[in-house]
>>> print(open('run.txt').read())   # compact mmCIF, C-alpha atoms
# COMPACT_ATOMS: atom_id res chain seq x y z
CA MET A 7 -23.37 -11.11 -7.82
CA ASN A 8 -26.16 -9.88 -5.56
CA GLU A 9 -24.25 -9.51 -2.28
CA THR A 10 -25.28 -6.88 0.21
CA TRP A 11 -22.39 -4.61 1.01
CA ARG A 12 -21.84 -3.24 4.49
CA ILE A 13 -20.81 0.41 4.54
CA ILE A 14 -19.02 1.60 7.67
CA GLU A 15 -19.25 5.38 7.67
CA LEU A 16 -16.35 7.70 8.37
CA THR A 17 -14.52 7.00 11.62
CA GLU A 18 -11.24 8.23 13.04
CA ASN A 19 -8.71 5.91 14.60
CA ASN A 20 -5.02 5.69 15.30
CA ALA A 21 -2.78 4.00 12.74
CA TYR A 22 -2.61 0.64 14.50
CA LEU A 23 -6.36 0.37 14.88
CA ASN A 24 -6.95 1.37 11.28
CA MET A 25 -4.71 -1.41 10.04
CA ALA A 26 -6.08 -3.90 12.55
CA ILE A 27 -9.67 -3.15 11.50
CA ASP A 28 -8.90 -3.82 7.83
CA ASP A 29 -7.11 -7.03 8.75
CA ALA A 30 -9.93 -8.22 11.03
CA ILE A 31 -12.62 -7.59 8.41
CA LEU A 32 -10.54 -9.43 5.79
CA ASP A 33 -10.10 -12.37 8.14
CA GLU A 34 -13.78 -12.60 9.02
CA ILE A 35 -14.85 -12.38 5.37
CA GLY A 36 -12.30 -15.09 4.59
CA ASP A 37 -13.94 -17.26 7.25
CA GLY A 38 -17.33 -16.60 5.65
CA LYS A 39 -18.59 -14.72 8.70
CA SER A 40 -18.70 -11.12 7.47
CA GLN A 41 -20.20 -9.46 4.43
CA PRO A 42 -18.30 -7.44 1.84
CA THR A 43 -17.41 -4.12 3.34
CA ILE A 44 -16.63 -0.57 2.38
CA ARG A 45 -15.25 1.59 5.14
CA PHE A 46 -14.08 5.19 5.34
CA TYR A 47 -11.66 6.49 7.91
CA ARG A 48 -9.23 9.15 9.00
CA TRP A 49 -6.01 8.89 10.99
CA LEU A 50 -5.84 10.46 14.44
CA PRO A 51 -3.11 11.28 15.31
CA ASN A 52 -1.52 11.89 11.92
CA ALA A 53 0.48 8.89 10.75
CA VAL A 54 2.88 7.50 8.20
CA SER A 55 2.18 4.07 6.76
CA ILE A 56 4.76 2.19 4.75
CA GLY A 57 4.37 -0.65 2.29
CA ARG A 58 4.80 -4.26 3.33
CA PHE A 59 8.19 -4.52 1.62
CA GLN A 60 9.71 -1.18 2.54
CA GLY A 61 12.39 -0.42 5.08
CA MET A 62 11.02 1.75 7.87
CA ASN A 63 14.26 3.64 8.40
CA ASP A 64 14.78 3.98 4.65
CA GLU A 65 11.41 5.58 4.08
CA VAL A 66 10.56 7.48 7.22
CA ASN A 67 12.23 10.17 9.30
CA ILE A 68 11.48 8.43 12.57
CA GLN A 69 12.83 11.19 14.79
CA LYS A 70 10.77 13.81 13.00
CA CYS A 71 7.66 11.67 13.40
CA ALA A 72 8.32 11.29 17.12
CA ASP A 73 8.81 15.05 17.47
CA LEU A 74 5.50 15.73 15.69
CA ASN A 75 3.52 12.96 17.44
CA ILE A 76 3.06 11.10 14.15
CA ASP A 77 2.44 7.34 14.37
CA VAL A 78 4.33 5.02 12.05
CA VAL A 79 2.96 1.68 10.90
CA ARG A 80 3.73 -1.01 8.34
CA ARG A 81 0.75 -1.93 6.18
CA ILE A 82 -0.35 -5.42 5.24
CA THR A 83 -0.24 -4.22 1.60
CA GLY A 84 2.65 -3.37 -0.66
CA GLY A 85 3.13 0.02 -2.25
CA GLY A 86 4.84 3.12 -1.00
CA ALA A 87 5.06 5.22 2.12
CA VAL A 88 2.15 7.58 2.73
CA TYR A 89 1.77 10.52 5.09
CA HIS A 90 -1.78 10.46 6.47
CA ASP A 91 -2.76 13.93 7.64
CA TYR A 92 -6.00 14.10 9.62
CA HIS A 93 -7.13 17.24 7.82
CA GLY A 94 -5.55 16.31 4.54
CA GLU A 95 -7.09 13.11 3.29
CA LEU A 96 -9.97 10.68 3.11
CA THR A 97 -9.04 7.01 3.38
CA TYR A 98 -11.16 4.05 2.35
CA SER A 99 -11.04 0.26 2.32
CA VAL A 100 -12.93 -2.11 0.06
CA ILE A 101 -12.90 -5.70 1.26
CA GLY A 102 -14.72 -8.62 -0.30
CA LYS A 103 -14.41 -12.09 -1.78
CA GLU A 104 -12.28 -12.07 -4.92
CA GLU A 105 -15.20 -13.15 -7.09
CA LEU A 106 -16.87 -9.78 -6.48
CA PHE A 107 -14.15 -8.12 -8.52
CA PRO A 108 -12.80 -8.51 -12.04
CA ASP A 109 -10.15 -11.16 -12.58
CA GLY A 110 -6.64 -9.85 -12.68
CA ILE A 111 -4.79 -7.45 -10.47
CA HIS A 112 -4.70 -4.55 -12.93
CA GLU A 113 -8.37 -4.90 -13.82
CA SER A 114 -9.45 -4.99 -10.19
CA TYR A 115 -7.41 -1.86 -9.40
CA ARG A 116 -9.05 -0.10 -12.32
CA TYR A 117 -12.51 -1.32 -11.25
CA ILE A 118 -12.32 0.07 -7.71
CA CYS A 119 -10.33 3.16 -8.69
CA ASN A 120 -13.15 4.04 -11.10
CA TRP A 121 -15.45 4.45 -8.08
CA ILE A 122 -13.07 7.15 -6.81
CA ILE A 123 -12.75 8.72 -10.25
CA ASP A 124 -16.54 8.90 -10.57
CA GLY A 125 -16.76 10.55 -7.14
CA LEU A 126 -14.11 13.10 -8.03
CA LYS A 127 -15.79 13.83 -11.35
CA SER A 128 -19.05 14.54 -9.52
CA ILE A 129 -17.32 17.46 -7.77
CA GLY A 130 -15.74 18.69 -10.97
CA ILE A 131 -12.34 17.03 -10.83
CA ASN A 132 -11.31 15.31 -14.04
CA ALA A 133 -9.27 12.46 -12.61
CA GLU A 134 -7.96 9.41 -14.45
CA PHE A 135 -6.55 6.02 -13.55
CA ALA A 136 -2.78 5.73 -13.82
CA PRO A 137 -1.66 2.11 -13.64
CA ILE A 138 -0.49 0.38 -11.56
CA ASN A 139 -2.31 1.86 -8.60
CA ASP A 140 -2.63 5.63 -8.79
CA ILE A 141 -5.25 8.18 -9.73
CA ILE A 142 -3.96 11.40 -11.24
CA VAL A 143 -5.16 14.84 -12.28
CA ASP A 144 -3.11 16.53 -15.00
CA GLY A 145 -0.27 14.12 -14.33
CA ARG A 146 -0.21 14.68 -10.58
CA LYS A 147 -1.21 12.04 -8.07
CA ILE A 148 -4.39 12.67 -6.10
CA SER A 149 -4.99 9.12 -4.86
CA GLY A 150 -2.78 6.14 -4.07
CA ASN A 151 -4.15 2.63 -3.62
CA ALA A 152 -2.88 -0.77 -2.54
CA GLN A 153 -4.22 -4.32 -2.60
CA THR A 154 -3.67 -7.60 -0.88
CA ARG A 155 -5.36 -10.94 -1.41
CA LYS A 156 -5.66 -13.49 1.37
CA LYS A 157 -8.07 -16.36 2.08
CA GLY A 158 -9.85 -15.68 -1.21
CA VAL A 159 -10.51 -12.10 -0.15
CA LEU A 160 -9.40 -8.94 -1.91
CA LEU A 161 -8.62 -5.90 0.20
CA GLN A 162 -7.94 -2.58 -1.45
CA HIS A 163 -7.32 0.47 0.63
CA GLY A 164 -6.25 3.87 -0.47
CA THR A 165 -6.17 7.54 0.18
CA ILE A 166 -7.69 10.56 -1.53
CA LEU A 167 -5.72 13.72 -0.91
CA TYR A 168 -7.90 16.59 0.24
CA LYS A 169 -5.34 19.17 1.29
CA ILE A 170 -1.59 18.82 1.19
CA ASP A 171 0.83 20.00 3.82
CA ILE A 172 3.79 19.64 1.48
CA SER A 173 6.44 20.71 3.92
CA LYS A 174 5.25 18.32 6.62
CA MET A 175 4.79 15.47 4.12
CA PHE A 176 8.30 15.75 2.82
CA SER A 177 9.79 16.33 6.26
CA VAL A 178 8.54 12.97 7.49
CA LEU A 179 9.07 10.94 4.29
CA ASN A 180 12.47 10.22 2.80
CA ILE A 181 11.65 10.53 -0.91
CA SER A 182 14.36 8.87 -2.95
CA LYS A 183 15.78 10.40 -6.09
CA GLU A 184 15.09 7.15 -7.94
CA LYS A 185 11.39 7.51 -7.18
CA ILE A 186 11.13 10.80 -9.02
CA SER A 187 13.89 10.49 -11.61
CA ASP A 188 12.02 8.53 -14.24
CA LYS A 189 9.05 10.85 -14.14
CA MET A 190 11.18 13.73 -15.42
CA ILE A 191 10.08 16.10 -12.75
CA LYS A 192 12.13 18.73 -11.06
CA ASN A 193 11.03 18.14 -7.51
CA ALA A 194 8.85 15.95 -5.37
CA GLU A 195 6.19 18.62 -4.89
CA ASP A 196 5.30 18.40 -8.58
CA ARG A 197 4.15 14.82 -8.09
CA VAL A 198 1.02 15.49 -6.08
CA THR A 199 -2.17 17.51 -6.07
CA SER A 200 -5.28 17.54 -3.89
CA VAL A 201 -9.03 18.09 -3.97
CA SER A 202 -8.64 21.53 -2.39
CA LEU A 203 -6.31 22.57 -5.22
CA GLN A 204 -8.70 21.28 -7.87
CA ALA A 205 -12.18 22.18 -6.57
CA LYS A 206 -14.01 24.28 -3.99
CA SER A 207 -15.50 21.30 -2.18
CA SER A 208 -15.33 21.02 1.58
CA PHE A 209 -14.04 17.80 3.14
CA ASN A 210 -17.63 16.74 3.89
CA GLU A 211 -18.62 17.37 0.27
CA LEU A 212 -15.73 15.21 -0.88
CA TYR A 213 -16.80 12.47 1.53
CA GLU A 214 -20.42 12.60 0.37
CA ALA A 215 -19.30 12.47 -3.27
CA ILE A 216 -17.06 9.46 -2.69
CA LEU A 217 -19.63 7.71 -0.49
CA ASN A 218 -22.26 8.14 -3.20
CA SER A 219 -20.05 6.83 -5.97
CA PHE A 220 -18.94 3.83 -3.89
CA LYS A 221 -22.50 2.77 -3.11
CA ASN A 222 -23.79 3.49 -6.59
CA GLY A 223 -25.33 0.39 -8.18
CA LYS A 224 -24.81 -1.79 -5.12
CA LYS A 225 -27.16 -3.38 -2.67
CA TYR A 226 -25.92 -2.00 0.64
CA GLU A 227 -26.66 -1.31 4.27
CA PHE A 228 -24.88 0.84 6.80
CA GLY A 229 -23.29 -1.09 9.63
CA SER A 230 -20.51 -1.35 12.15
CA LEU A 231 -17.93 -3.93 13.21
CA THR A 232 -19.24 -7.24 14.52
CA THR A 233 -18.26 -8.62 17.91
CA PRO A 234 -15.90 -11.25 16.41
CA GLU A 235 -14.32 -8.54 14.27
CA LEU A 236 -13.78 -6.37 17.34
CA GLU A 237 -12.13 -9.28 19.13
CA LYS A 238 -9.76 -9.74 16.20
CA VAL A 239 -9.09 -6.01 16.05
CA ARG A 240 -7.83 -6.13 19.64
CA GLU A 241 -5.61 -9.07 18.79
CA PHE A 242 -4.25 -7.61 15.55
CA GLU A 243 -3.70 -4.14 17.00
CA LYS A 244 -0.96 -5.61 19.19
CA ILE A 245 0.86 -6.81 16.08
CA TYR A 246 0.54 -3.48 14.29
CA ARG A 247 1.87 -1.70 17.38
CA SER A 248 4.87 -4.00 17.67
CA TYR A 249 8.46 -3.10 16.89
CA GLU A 250 8.89 -6.57 15.36
CA TRP A 251 6.27 -5.87 12.71
CA ASN A 252 6.96 -2.22 12.00
CA PHE A 253 10.75 -2.48 11.90
CA LYS A 254 11.04 -5.98 10.44
CA ARG A 255 12.60 -4.36 7.35
CA MET B 19 31.08 -7.32 2.85
CA TYR B 20 27.98 -5.20 2.53
CA GLY B 21 26.42 -4.10 -0.72
CA SER B 22 23.28 -2.29 -1.70
CA TYR B 23 21.66 -1.15 -4.89
CA LYS B 24 18.41 0.56 -5.82
CA LEU B 25 16.74 0.72 -9.19
CA LYS B 26 13.48 1.91 -10.68
CA VAL B 27 11.78 -0.71 -12.82
CA HIS B 28 10.67 0.72 -16.18
CA ASN B 29 6.90 1.32 -15.90
CA GLY B 30 7.12 -0.32 -12.52
CA LYS B 31 8.17 0.20 -8.94
CA LEU B 32 11.33 0.69 -6.93
CA VAL B 33 13.42 -2.27 -5.88
CA SER B 34 16.26 -1.98 -3.43
CA VAL B 35 18.52 -4.75 -2.18
CA LYS B 36 20.81 -4.95 0.83
CA ILE B 37 23.25 -7.83 0.84
CA ILE B 38 25.84 -9.22 3.20
CA TYR B 39 28.22 -11.49 1.34
CA SER B 40 31.68 -12.98 1.21
CA GLU B 41 32.25 -15.55 -1.53
CA ARG B 42 28.57 -16.32 -1.25
CA ILE B 43 25.47 -14.40 -0.21
CA GLU B 44 25.02 -14.65 3.54
CA SER B 45 21.87 -12.56 3.87
CA VAL B 46 19.76 -10.47 1.56
CA GLN B 47 16.79 -8.14 1.90
CA ILE B 48 14.68 -7.11 -1.08
CA LEU B 49 12.80 -3.90 -0.39
CA GLY B 50 10.66 -1.46 -2.31
CA ASP B 51 7.20 -0.15 -3.12
CA PHE B 52 6.26 -3.10 -5.33
CA PHE B 53 3.49 -5.66 -4.74
CA MET B 54 3.87 -9.40 -4.30
CA TYR B 55 1.24 -12.05 -3.60
CA PRO B 56 1.38 -13.74 -1.23
CA GLU B 57 3.37 -11.07 0.62
CA GLU B 58 5.11 -13.64 2.83
CA ALA B 59 6.78 -15.02 -0.29
CA ILE B 60 9.38 -12.27 -0.18
CA GLU B 61 11.06 -14.12 2.69
CA VAL B 62 11.00 -17.33 0.62
CA ILE B 63 12.77 -15.59 -2.26
CA GLU B 64 15.31 -14.01 0.09
CA LYS B 65 16.09 -17.37 1.71
CA SER B 66 16.49 -18.99 -1.71
CA LEU B 67 19.27 -16.54 -2.57
CA ILE B 68 21.42 -17.38 0.44
CA GLY B 69 24.48 -19.34 -0.66
CA LEU B 70 24.49 -17.93 -4.18
CA GLY B 71 28.03 -17.20 -5.37
CA ARG B 72 29.09 -13.57 -5.46
CA ASN B 73 30.16 -13.93 -9.09
CA SER B 74 26.81 -15.25 -10.30
CA ASP B 75 25.65 -13.56 -13.46
CA ARG B 76 22.34 -11.77 -13.91
CA THR B 77 20.77 -14.65 -15.83
CA SER B 78 21.48 -17.31 -13.25
CA ILE B 79 20.25 -15.09 -10.42
CA ALA B 80 17.06 -14.34 -12.37
CA ASP B 81 16.56 -18.02 -13.24
CA GLY B 82 16.75 -18.92 -9.56
CA ILE B 83 14.16 -16.30 -8.65
CA LYS B 84 11.87 -17.44 -11.48
CA LYS B 85 12.11 -21.04 -10.29
CA THR B 86 11.27 -20.05 -6.70
CA SER B 87 8.39 -17.90 -7.96
CA GLU B 88 6.91 -20.70 -10.01
CA GLU B 89 7.28 -23.26 -7.24
CA ASN B 90 5.57 -20.97 -4.74
CA ARG B 91 2.99 -19.48 -7.12
CA ILE B 92 4.24 -15.97 -6.49
CA THR B 93 2.72 -13.04 -8.37
CA MET B 94 4.75 -9.86 -8.69
CA VAL B 95 3.40 -6.45 -9.66
CA GLY B 96 5.69 -3.56 -10.51
CA ILE B 97 8.75 -5.76 -10.26
CA ASP B 98 10.00 -8.96 -11.90
CA PRO B 99 12.74 -11.54 -11.41
CA ASP B 100 15.00 -9.81 -13.95
CA SER B 101 14.90 -6.47 -12.15
CA MET B 102 15.47 -8.17 -8.80
CA ALA B 103 18.43 -10.02 -10.30
CA GLU B 104 19.86 -6.82 -11.74
CA ALA B 105 19.73 -5.12 -8.33
CA ILE B 106 21.33 -8.14 -6.63
CA PHE B 107 24.05 -8.36 -9.28
CA MET B 108 24.85 -4.66 -9.02
CA ALA B 109 24.89 -4.74 -5.21
CA MET B 110 27.77 -7.25 -5.32
CA LYS B 111 29.82 -5.45 -7.96
>>> encode(input="run.txt", output="structure tokens")
Amino acid sequence: MNETWRIIELTENNAYLNMAIDDAILDEIGDGKSQPTIRFYRWLPNAVSIGRFQGMNDEVNIQKCADLNIDVVRRITGGGAVYHDYHGELTYSVIGKEELFPDGIHESYRYICNWIIDGLKSIGINAEFAPINDIIVDGRKISGNAQTRKKGVLLQHGTILYKIDISKMFSVLNISKEKISDKMIKNAEDRVTSVSLQAKSSFNELYEAILNSFKNGKKYEFGSLTTPELEKVREFEKIYRSYEWNFKR
Amino acid sequence: MYGSYKLKVHNGKLVSVKIIYSERIESVQILGDFFMYPEEAIEVIEKSLIGLGRNSDRTSIADGIKKTSEENRITMVGIDPDSMAEAIFMAMK
């Protein structure tokens, strides 16, 4: 399909805006008013996002987050809780009509995750896809990804770990013993790795590598949010800031 | 009474249930890091479980969830009706 992708270059936003922007783009594409979009972003201040079906108090040390000025938000997508450190990760979203992607949930995860894998390989990191929704290096997770499908639109967003602050990550997340038990690992720290542990690339070099692999083979143009998208962002941000949404489970 | 149970689905995700029940289920929440499309369907499944007898076996709980899933065209990833049923059954033991 010869669609022109819009690429929104790296921005930094708070947690509620980041989620509202994804939601607004999805909604506008669903209404046929926006083009397929790739966006890159960071979280400022640092934040924890939880999956659509998780319990906020089960997954997150709320008091610790408040003490450290860390936002907490429930995502539109399923999956697990993620600590988003401003200096520690690159986050992306890919949003487009379902027909732009392979049929099937597993195949579409693999398809988009391969863009990340190609980018990581270009900076010397031998990453591989680990179904359902992870990318790993030597068995350790370097990228987590999550999808939703609404109005005929697929949204996948995910994070690529650049540098891990293990102690902060595990002080704000309540990692359950069930989560790690079946992976036969001794502790939660053994589950993750990062670009800075695997290569000498700077954050900007990682971003350039991922940007290049995402746009590879596509017709694209750089752009920004449209006026109708911005109006929806303002509307949706209120939901993502609300206690009713974030603590509904 | 209150019951809860958490399990890790083989090659899948975590599912956790929290149930308030007497002779029958009065309320239930199904939580975890799984995926479900459409996401709003989780509330449909939870509502469908209200009124289920506390002594229901795994198979009948799973059959109910399968029926609701089919009727509402629900897709689950990293979780399935059988694992949900197992967690619900164990939470009321």
>>> residues_around(input="run.txt", residues="stretch 81-88 of chain B", least_positions_apart="6", cutoff="9 Å", atoms="only C-alpha atoms", output="PDB file with C-alpha atoms, keeping the file's coordinate frame")
ATOM      1  CA  ALA B  59       6.780 -15.020  -0.290  1.00  0.00           C
ATOM      2  CA  VAL B  62      11.000 -17.330   0.620  1.00  0.00           C
ATOM      3  CA  ILE B  63      12.770 -15.590  -2.260  1.00  0.00           C
ATOM      4  CA  SER B  66      16.490 -18.990  -1.710  1.00  0.00           C
ATOM      5  CA  LEU B  67      19.270 -16.540  -2.570  1.00  0.00           C
ATOM      6  CA  MET B  94       4.750  -9.860  -8.690  1.00  0.00           C
ATOM      7  CA  ASP B  98      10.000  -8.960 -11.900  1.00  0.00           C
ATOM      8  CA  PRO B  99      12.740 -11.540 -11.410  1.00  0.00           C
ATOM      9  CA  ASP B 100      15.000  -9.810 -13.950  1.00  0.00           C
ATOM     10  CA  MET B 102      15.470  -8.170  -8.800  1.00  0.00           C
ATOM     11  CA  ALA B 103      18.430 -10.020 -10.300  1.00  0.00           C
TER      12      ALA B 103
END
>>> interface_residues(input="run.txt", of="chain B", to="chain A", cutoff="12 Å", atoms="all atoms listed in the file", output="PyMOL selection string")
chain B and resi 23-36+46-61+64+92-97
>>> atom_distance(input="run.txt", atom1="atom CA of A:Glu15", atom2="atom CA of A:Asp77")
22.8 Å
>>> residues_around(input="run.txt", residues="A:Glu18", least_positions_apart="2", cutoff="12 Å", atoms="only C-alpha atoms", output="mmCIF file with C-alpha atoms, in the coordinates of the input")
data_model
loop_
_atom_site.group_PDB
_atom_site.id
_atom_site.type_symbol
_atom_site.label_atom_id
_atom_site.label_comp_id
_atom_site.auth_asym_id
_atom_site.auth_seq_id
_atom_site.Cartn_x
_atom_site.Cartn_y
_atom_site.Cartn_z
ATOM 1 C CA ILE A 14 -19.020 1.600 7.670
ATOM 2 C CA GLU A 15 -19.250 5.380 7.670
ATOM 3 C CA LEU A 16 -16.350 7.700 8.370
ATOM 4 C CA ASN A 20 -5.020 5.690 15.300
ATOM 5 C CA ALA A 21 -2.780 4.000 12.740
ATOM 6 C CA TYR A 22 -2.610 0.640 14.500
ATOM 7 C CA LEU A 23 -6.360 0.370 14.880
ATOM 8 C CA ASN A 24 -6.950 1.370 11.280
ATOM 9 C CA ILE A 27 -9.670 -3.150 11.500
ATOM 10 C CA ARG A 45 -15.250 1.590 5.140
ATOM 11 C CA PHE A 46 -14.080 5.190 5.340
ATOM 12 C CA TYR A 47 -11.660 6.490 7.910
ATOM 13 C CA ARG A 48 -9.230 9.150 9.000
ATOM 14 C CA TRP A 49 -6.010 8.890 10.990
ATOM 15 C CA LEU A 50 -5.840 10.460 14.440
ATOM 16 C CA PRO A 51 -3.110 11.280 15.310
ATOM 17 C CA ASN A 52 -1.520 11.890 11.920
ATOM 18 C CA ALA A 53 0.480 8.890 10.750
ATOM 19 C CA HIS A 90 -1.780 10.460 6.470
ATOM 20 C CA ASP A 91 -2.760 13.930 7.640
ATOM 21 C CA TYR A 92 -6.000 14.100 9.620
ATOM 22 C CA HIS A 93 -7.130 17.240 7.820
ATOM 23 C CA GLU A 95 -7.090 13.110 3.290
ATOM 24 C CA LEU A 96 -9.970 10.680 3.110
ATOM 25 C CA THR A 97 -9.040 7.010 3.380
ATOM 26 C CA TYR A 98 -11.160 4.050 2.350
#
>>> atom_distance(input="run.txt", atom1="atom CA of A:Asp28", atom2="atom CA of A:Glu104")
15.6 Å
>>> atom_distance(input="run.txt", atom1="atom CA of A:Lys254", atom2="atom CA of A:Glu235")
25.8 Å
>>> closest_residue(input="run.txt", among="A:Thr17, A:Ile35, A:Asn132, A:Arg80", to="A:Tyr213", atoms="all atoms listed in the file")
A:Thr17
>>> closest_residue(input="run.txt", among="A:Ser230, A:Ser128, A:Ser149, A:Asn180", to="A:Val66", atoms="all atoms listed in the file")
A:Asn180
>>> residues_around(input="run.txt", residues="B:Arg76", least_positions_apart="2", cutoff="7 Å", atoms="all atoms listed in the file", output="short mmCIF file (atom, residue, chain, number, x, y, z; two decimals) with C-alpha atoms, in the frame of the given file")
data_model
loop_
_atom_site.label_atom_id
_atom_site.label_comp_id
_atom_site.auth_asym_id
_atom_site.auth_seq_id
_atom_site.Cartn_x
_atom_site.Cartn_y
_atom_site.Cartn_z
CA SER B 74 26.81 -15.25 -10.30
CA SER B 78 21.48 -17.31 -13.25
CA ILE B 79 20.25 -15.09 -10.42
CA ALA B 80 17.06 -14.34 -12.37
CA ALA B 103 18.43 -10.02 -10.30
CA GLU B 104 19.86 -6.82 -11.74
CA PHE B 107 24.05 -8.36 -9.28
#
>>> closest_residue(input="run.txt", among="A:Met62, A:Leu236, A:Ile141, A:Ile170", to="A:Arg81", atoms="only C-alpha atoms")
A:Met62
>>> residues_around(input="run.txt", residues="B:Ser45", least_positions_apart="5", cutoff="6 Å", atoms="only C-alpha atoms", output="VMD selection string")
chain B and resid 37 to 38 68
